[in-house]
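Asker: Mind looking over this structure? Questions follow.
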Amino acid sequence: MRAPYASDPEASRGRRHPEAPSPPRDDFQRDRDRIVHSTAFRRLVYKTQVFLNHEGDLFRTRLTHSLEVAQLGRSIGRALGLNEDLIEAIALAHDLGHTPFGHAGQDALHECMSAADPEGGGFEHNFQSLRVVDRLEERYAAFDGLNLSFEAREGILKHCSRRNAEWLAANDPTGIGQRFIERSQPSLEAQLCNLADEIAYNAHDIDDGVRSGLLALEQLEDLPLIRRHLDAVRQAYPALTGRRVLFETLRRVLSEQVYDVIGTTRAAIEEKDVRSADQARALPVLVRFGAEMRRQTDEVQRFLRANLYRHPQVVATTTVARDVLRELFQVYVAEPAQLPSRPMAGRGTPRAVADYIAGMTDRFALQEHARLTGRRPDWPVRPRAD
Ligand code: MG
C-alpha cells in the first residue's frame with residue numbers, strides 16, 4: 001500500500017516535453033524502462049566503482065552498484081509505503097554521469113574543465129547524470145535525452161553547486177535546481193536513494209577491499225558497527241572460516257542498517273504528521289539513520305577513506321587513471337578532428353569534450369588513449385584478486 005506521502009505518478013510535475021501516456025505503465029515505470037534501455041546504462045557495466053575494471057571480474061562496477069542501490073531502496077521503500085518504481089528509476093540512473101575510472105576520473109575532468117572554462121562550473125558527476133538524461137542520450141526522434149519526469153530528474157540531481165543551481169534557474173524552466181537555492185528537500189523516494197547509495201557502497205567497498213587483499217578482516221574489528229556482528233557470527237558459527245565470516249557479517253550489518261532507517265524514518269514521518277509528498281519536501285531530511293547508527297556509519301566511512309580509498313595501491317592506480325583522462329582531454333580540445341565524426345553539440349568546446357570523455361567506459365578510454373598517444377599506461381601491480 002502506498003502511503004499518502006509517497007510520490008504519485010498521477011500528480012507528477014510532468015516532463016520537459018509533454019507526451020501522451022503509455023498505459024498500462026504509469027510515468028515512473030516508463031522512466032525506469034527508458035533508463036534501462038539507455039546507452040549510458042549499458043556503459044555502467046564497464047565503469048569503475050573503486051577497483052578498475054581490469055583488476056578483477058568480481059569487484060563492483062557502476063552497474064552492479066546501481067542494482068544494489070535499487071534493491072536496498074526498493075526493500076526500504078516498500079516497508080515505508082513509498083513509490084518503488086520511482087525509487088528504482090532514481091537508483092538505476094543515479095550514477096549515469098560518472099566518468100571512467102571512478103572518482104579519479106571525475107577529479108581529473110573537474111580540474112580540466114575548471115582550467116579550460118573557469119566560469120563554466122567545472123565537472124560534477126550528479127549534474128552530469130542530469131545532463132545525460134536531459135540532453136546527451138540520443139534515442140528518441142522528438143527530443144534529446146530521455147525526457148524523464150520531474151520526480152526522476154529531481155532524484156538524479158542529488159547534489160548541485162550553487163553555481164550550477166543558478167545556471168539551472170536561468171536555463172531550465174522546470175525548476176529542477178530550485179531546491180539547492182531554497183535549501184528544501186527532494187521527494188522521500190529521492191532521499192531514500194541517497195541513503196541506499198551510502199549503505200550499498202560502505203558494505204560493498206568493505207567486501208571488495210577484503211577481496212582485493214588491501215583490507216584485512218582484523219582491521220574491521222575496530223569498527224563497533226562491524227565488530228558486534230562479527231562477534232555474533234563467530235559465536236554462532238565457531239567453525240566458520242574465510243570469506244563466509246565476512247559475508248555473514250556484512251549481511252547482518254546491512255539488515256541492521258535497513259531496520260534502523262525504516263524505524264527512524266517512520267518515527268520522523270509520524271512525528272511531523274506528513275500527509276503529502278510536497279509537505280515532506282518542505283521539512284528537513286526525513287529518510288535517515290538514527291543518531292547512533294549515523295555516528296557508527298560515519299566511522300565506517302572514515303575508516304574506508306583512510307584505509308581503502310587512500311591506500312597507496314589505490315592511489316597509485318588512480319594517479320595513472322587521472323593522467324589518462326587529462327591527456328585525452330588535452331588532445332581532443334587541441335585537435336577536435338580526433339573526436340568521432342558524428343554530429344556533436346558544441347563540438348570541440350571543453351564541455352563537449354568533457355561530455356564525450358565522461359561517457360566513456362574504462363576500456364574505451366584506454367583504447368582511445370593508446371590510439372591518440374601511442375602509449376599504454378603503466379598500471380601498478382596489485383596482489384592478485386581471486
Ligand atoms: Mg552511487
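Following the order of the C-alpha cells, first chain is A, next is B, and so on, with residues numbered from 1 inside each chain and ligands from 1 in the order they appear.
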Throw together the list of residues within 7 Å of ligand 1, counting only C-alpha atoms and all ligand atoms, and drop it here as a PyMOL selection string.
Answerer: chain A and resi 65-66+94-95+197
Asker: Would you give me, as a ChimeraX atom specification, the residues in region 6-137 of chain A that DSSP reads as helix (DSSP H, G or I)?
Answerer: /A:9-11,27-36,39-46,53-55,62-80,84-93,102-116,125-136
Asker: Per residue of region 21-136 of chain A within 8 Å of region 243-266 of chain A, record the nearest atom pair and its distance in Å to one decimal, counting only C-alpha atoms, with rows in chain order and ascending residue number, as JSON lines.
Answerer:
```
{"residue": "A:Leu72", "atom": "CA", "partner": "A:Val258", "partner_atom": "CA", "distance": 7.8}
{"residue": "A:Ile76", "atom": "CA", "partner": "A:Ile262", "partner_atom": "CA", "distance": 6.4}
{"residue": "A:Ala79", "atom": "CA", "partner": "A:Ile262", "partner_atom": "CA", "distance": 7.0}
{"residue": "A:Leu80", "atom": "CA", "partner": "A:Ile262", "partner_atom": "CA", "distance": 6.7}
```
Asker: Write out, as a PDB file, in the first residue's frame, the residues just selected, with all heavy atoms.
Answerer:
```
ATOM      1  N   LEU A  72      18.253  -2.232  -2.302  1.00  0.00           N
ATOM      2  CA  LEU A  72      18.095  -1.704  -0.942  1.00  0.00           C
ATOM      3  C   LEU A  72      16.977  -0.660  -0.910  1.00  0.00           C
ATOM      4  O   LEU A  72      16.147  -0.641   0.009  1.00  0.00           O
ATOM      5  CB  LEU A  72      19.398  -1.063  -0.459  1.00  0.00           C
ATOM      6  CG  LEU A  72      20.506  -2.039  -0.069  1.00  0.00           C
ATOM      7  CD1 LEU A  72      21.855  -1.337  -0.014  1.00  0.00           C
ATOM      8  CD2 LEU A  72      20.186  -2.671   1.288  1.00  0.00           C
ATOM      9  N   ILE A  76      13.480  -0.987   1.405  1.00  0.00           N
ATOM     10  CA  ILE A  76      13.146   0.004   2.433  1.00  0.00           C
ATOM     11  C   ILE A  76      11.890   0.758   1.997  1.00  0.00           C
ATOM     12  O   ILE A  76      10.986   1.000   2.807  1.00  0.00           O
ATOM     13  CB  ILE A  76      14.325   0.976   2.662  1.00  0.00           C
ATOM     14  CG1 ILE A  76      15.562   0.218   3.139  1.00  0.00           C
ATOM     15  CG2 ILE A  76      13.944   2.070   3.662  1.00  0.00           C
ATOM     16  CD1 ILE A  76      16.849   1.040   3.165  1.00  0.00           C
ATOM     17  N   ALA A  79       8.655  -1.057   2.667  1.00  0.00           N
ATOM     18  CA  ALA A  79       8.267  -1.026   4.083  1.00  0.00           C
ATOM     19  C   ALA A  79       7.687   0.331   4.478  1.00  0.00           C
ATOM     20  O   ALA A  79       6.826   0.419   5.352  1.00  0.00           O
ATOM     21  CB  ALA A  79       9.477  -1.354   4.962  1.00  0.00           C
ATOM     22  N   LEU A  80       8.145   1.399   3.816  1.00  0.00           N
ATOM     23  CA  LEU A  80       7.679   2.743   4.179  1.00  0.00           C
ATOM     24  C   LEU A  80       6.472   3.184   3.362  1.00  0.00           C
ATOM     25  O   LEU A  80       5.942   4.273   3.576  1.00  0.00           O
ATOM     26  CB  LEU A  80       8.817   3.759   3.989  1.00  0.00           C
ATOM     27  CG  LEU A  80      10.027   3.624   4.924  1.00  0.00           C
ATOM     28  CD1 LEU A  80      11.157   4.552   4.486  1.00  0.00           C
ATOM     29  CD2 LEU A  80       9.622   3.920   6.372  1.00  0.00           C
TER      30      LEU A  80
END
```
Asker: Please provide the set of residues having any atom within 10 Å of Leu82 (chain A), restricted to only C-alpha atoms, with same-chain residues fewer than 6 positions apart removed, written as a list in words.
Answerer: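 Listed by chain and then number, they are Met1, Arg2, Ala3, Pro4, Tyr5, Ala6, Ser7, Asp8, Gly73, Arg74, Ile76, Ser187, Leu188, Glu189, Leu192 and Ala277 of chain A.
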Asker: May I have the residues within 12 Å of Leu157 (chain A) as a PyMOL selection string, using only C-alpha atoms and disregarding those fewer than 4 positions away in the same chain?
Answerer: chain A and resi 90-91+93-97+124-134+150-153+161+164-165+168+175-180+185-187+190-191+193-194
Asker: What are the nearest atom pairs, with distances in Å to one decimal, for all residues of region 196-230 of chain A that come at most 12 Å from region 27-49 of chain A, using only C-alpha atoms, set out by chain and rising residue number as a tab-separated table?
Answerer:
```
residue	atom	partner	partner_atom	distance
A:Ala200	CA	A:Gln49	CA	11.6
A:Tyr201	CA	A:Gln49	CA	8.9
A:Asn202	CA	A:Gln49	CA	11.8
A:His204	CA	A:Gln49	CA	10.0
A:Asp205	CA	A:Gln49	CA	8.9
A:Asp208	CA	A:Gln49	CA	10.2
A:Gly209	CA	A:Gln49	CA	11.8
```
Asker: Env of Thr99 (chain A): 6 Å cut, atoms = only C-alpha atoms, seq-sep filter 2 positions within chain, self excluded. Answer as a list in words.
Answerer: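 Within the cut-off, the hits are Gly105, Gln106 and Ala358 of chain A.
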Asker: Give me the residues within 8 Å of region 339-350 of chain A as a list in words, counting only C-alpha atoms and dropping any in the same chain fewer than 3 places off.
Answerer: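 Non-adjacent residues within range: Met113, Ala116, Asp117, Tyr332, Val333, Glu335, Pro336, Val353 and Ala354 of chain A.
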Asker: May I ask for the distance between CA of Ala11 (chain A) and CA of Ala282 (chain A), given in Å to one decimal place?
Answerer: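 Straight-line distance from CA of Ala11 (chain A) to CA of Ala282 (chain A) works out to 17.1 Å.
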Asker: Just give me the gap between CA of Gln367 (chain A) and CA of Leu325 (chain A) in Å, one decimal is fine.
Answerer: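 Taking CA of Gln367 (chain A) as the start and CA of Leu325 (chain A) as the end point, the length is 11.7 Å.
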Asker: As a ChimeraX atom specification, please: the residues near Glu368 (chain A) (cut-off 12 Å, only C-alpha atoms, same-chain neighbours under 5 positions excluded).
Answerer: /A:324-325,327-329,331-332,338-340,356-357,360-363,373-377
Asker: Between CA of Val315 (chain A) and CA of Ala104 (chain A), what distance in Å does the model show, to one decimal?
Answerer: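 Value for the CA of Val315 (chain A)-CA of Ala104 (chain A) distance: 9.0 Å.
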Asker: Between A:Leu52, A:Leu366, A:Leu240, A:Leu372, single out the one closest to Gln330 (chain A), counting only C-alpha atoms.
Answerer: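 The answer is A:Leu372, which sits nearest to Gln330 (chain A).
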Asker: Could you check the closest approach to Ser212 (chain A) for each of A:Thr241, A:Ser114, A:Ser276, A:Gln313 and tell me which residue wins, using only C-alpha atoms?
Answerer: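 Selected residue with least distance to Ser212 (chain A): A:Gln313.
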Asker: Which one of A:Leu58, A:Ala306, A:Ala236, A:Ile156 sits closest to Glu88 (chain A) if you count only C-alpha atoms?
Answerer: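 Of A:Leu58, A:Ala306, A:Ala236, A:Ile156, the one nearest Glu88 (chain A), counting only C-alpha atoms, is A:Ile156.
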